[in-house]
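Peer 1: This is the structure I want to talk about, given as C-alpha cells.
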Amino acid sequence: MEVKADKDTLYSSLPQSVQSNSSKIGLKAVRADFLKNFLKQTVHSDKKKEKNVPLEHLTVVSEVIENPPKKRKVEKGPRKHRKTMTHKERKKMKLFDIKKEDQIYEKYIPLHNLWKDYISDLLYSGDKEKSEGILTNDAQKLLKADLHGAIITVIKSRCPSYIHTTGILLQETRNTFNIITKNNKIKCIPKLHSIFTIENAGILYTIYGNQFKVKSSERSIRKFKTKATLDL
Amino acid sequence: MGKKKSSVAHKETYQRINYLYQAAYLVLTTDSSNHSLCRFYTKTLKAIARRLVLRLHPNIKRTICKNCFLLLIPGVTTITRIKGKKDKYSETKCLGCGFKIHYMANPNYKPWFENPEAWIPTGS
C-alpha cells in the first residue's frame with residue numbers, strides 16, 4: 001500500500017496554487033512528444049539479437065561473471081594527429097540529408113514565421129517611414145539576405161513540370177533549391193533556366209535563377225553586376 | 001569615426017548569422033531528432049564568418065560541434081560531465097558523432113571575453 005500511495009503522489013498534478021503562479025517561478029510544461037523523442041534517441045532497439053538467444057549463452061554469461069577474464073594491455077599505435085573527420089568520412093555519414101520522418105510540411109511553419117520577422121527587420125529597420133518607391137535599396141539588401149525558410153514559387157521554367165510548385169525553402173546549394181511542398185515531399189529544383197518569386201509584406205520579389213547561381217554562403221560577399229538581357 | 005551613422009560594419013551579415021543560429025536552434029527544438037537541417041544551417045553560418053573574416057563570439061562558437069556541425073544543447077544533443085581527479089575539467093560529448101571537447105573547470109580562472117575590458121565601447 002505504501003508503494004501505491006507513493007506512486008499516486010508522484011504522478012499527480014501540482015496543486016492549483018502552484019500552477020497558477022507557475023510562470024512567475026519559471027516552471028515550464030514538458031512538451032508532449034519530448035519523452036518519445038528522448039527514448040528514441042537513448043534506447044537502442046536490438047530486436048534481432050533478442051529473438052535468437054539460445055539458453056547455452058546464459059550459462060556462458062554466468063561463467064564469465066564468476067571468473068572474469070584478465071585484462072590485457074592494449075598496445076597503442078602511432079598517435080593520431082587529426083581529431084576531426086576527413087571530408088570523405090563526412091560524406092559517408094550523410095550529415096545533411098533530410099530523413100523521411102522529418103519531411104512534414106507543418107514542422108517547418110515556425111521556421112517560416114521566424115524568417116518573416118528576420119526579413120522585415122532587415123528591410124524596414126531604422127527608417128520605417130520609407131516611401132514605397134525606393135525598391136533598389138531593398139533589392140541590394142535582399143541579395144545578401146538569407147532565404148532559408150522563405151516560401152518560394154516557380155513562375156517560369158524551361159521544364160514545364162516545375163512551374164507553380166510552391167513550398168518552404170529548406171536548403172540552398174550552389175545550383176539548386178531544396179523545397180518542401182504541402183504534399184510533404186522534398187523537391188530539388190535547379191536554379192538554371194527558371195525564375196522564382198518571394199512574397200514579403202505584399203511585395204513580390206522576382207529572382208532570376210540564371211544569375212543567382214552562387215553558394216548561399218558566398219552570396220554575402222559577392223558583388224552582382226546588373227545585366228540587361230534576361231532570357232530563359 | 002566613419003561617415004555613416006551606423007557604427008557596426010557588416011551589420012547585415014551579422015543579422016544573417018544571428019538568423020541562421022536562431023533557425024538552427026528552432027529546428028532542433030521543434031523536433032530533437034532532426035539533426036541534418038540544423039547541421040546545414042550551422043555550416044553555412046561558419047562558412048559566412050570564415051569568408052568575411054568575422055570572429056564569432058565564444059558563446060556561439062562553443063555551442064557548435066567542430067566535427068559534425070551539430071548545435072550542442074546539453075541534455076538534448078550532448079552529455080556534459082565534470083571529470084578528472086586532480087585537475088577537474090568539463091567534458092561535453094556530441095551525441096551526433098561522439099566527438100569530445102574538454103574545458104578546464106577552474107573556479108579562479110576567468111576567460112578574457114568575460115572581462116569588461118574586452119568589450120569595445122559603442123556609440124562614442
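For the C-alpha cells, the naming scheme is as follows: chains receive sequential letters (A, B, ...) according to their order of presentation, residues are indexed from 1 within each chain, and ligands are indexed from 1 in presentation order.
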Residues of chain A within 7 Å of chain B, using only C-alpha atoms, as a list in words?
Peer 2: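 Residues satisfying the distance criterion: Asn37, Thr84, Met85, Leu95, Phe96, Asp97, Ile98, Asp102, Leu111, Tyr118, Ala145, Asp146, Ser217, Glu218 and Ser220 of chain A.
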Peer 1: May I ask which of the residues B:Arg55, B:Lys93, B:Thr42, B:Lys86 is the closest one to B:Tyr14, counting only C-alpha atoms?
Peer 2: B:Arg55
Peer 1: Hey, what does DSSP flag as strand (DSSP E or B) within stretch 27-230 of chain A? Can you give it to me as a ChimeraX atom specification?
Peer 2: /A:151-157,166-172,176-180,186-190,194-200,203-208
Peer 1: Choose the residue, out of A:Arg222, A:Thr153, A:Leu142, A:Glu106, that has the smallest atom-to-atom separation from A:Leu123; count only C-alpha atoms.
Peer 2: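 Residue with the minimum atom-to-atom distance to A:Leu123: A:Leu142.
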Peer 1: Quick one: everything within 6 Å of stretch 162-166 of chain A, counting only C-alpha atoms, minus sequence neighbours fewer than 5 positions away in the same chain. Send it as a short mmCIF file (atom, residue, chain, number, x, y, z; two decimals) with C-alpha atoms, in the first residue's frame.
Peer 2:
```
data_model
loop_
_atom_site.label_atom_id
_atom_site.label_comp_id
_atom_site.auth_asym_id
_atom_site.auth_seq_id
_atom_site.Cartn_x
_atom_site.Cartn_y
_atom_site.Cartn_z
CA ILE A 152 9.20 30.31 -52.82
CA THR A 153 7.33 29.70 -56.07
CA VAL A 154 8.47 28.96 -59.59
CA ILE A 155 6.85 31.18 -62.23
#
```
Peer 1: Go ahead and compute the interatomic distance for atom CA of B:Val53 and atom CA of A:Ile221, in Å to one decimal.
Peer 2: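 Going from atom CA of B:Val53 over to atom CA of A:Ile221, I get 10.9 Å.
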Peer 1: Per DSSP on the backbone, what are the alpha helix (DSSP H) residues of chain B, as a PyMOL selection string?
Peer 2: chain B and resi 11-30+35-51+58-61
Peer 1: Write out as a PyMOL selection string each polymer residue whose atoms come within 12 Å of B:Trp112, counting only C-alpha atoms; drop sequence neighbours fewer than 6 positions from it.
Peer 2: chain B and resi 57-58+118-119
Peer 1: Give the answer as one residue: which of A:Lys99, A:Lys213, A:Lys187, A:His148 has the shortest atom-to-atom distance to A:Gln171, using only C-alpha atoms?
Peer 2: A:His148
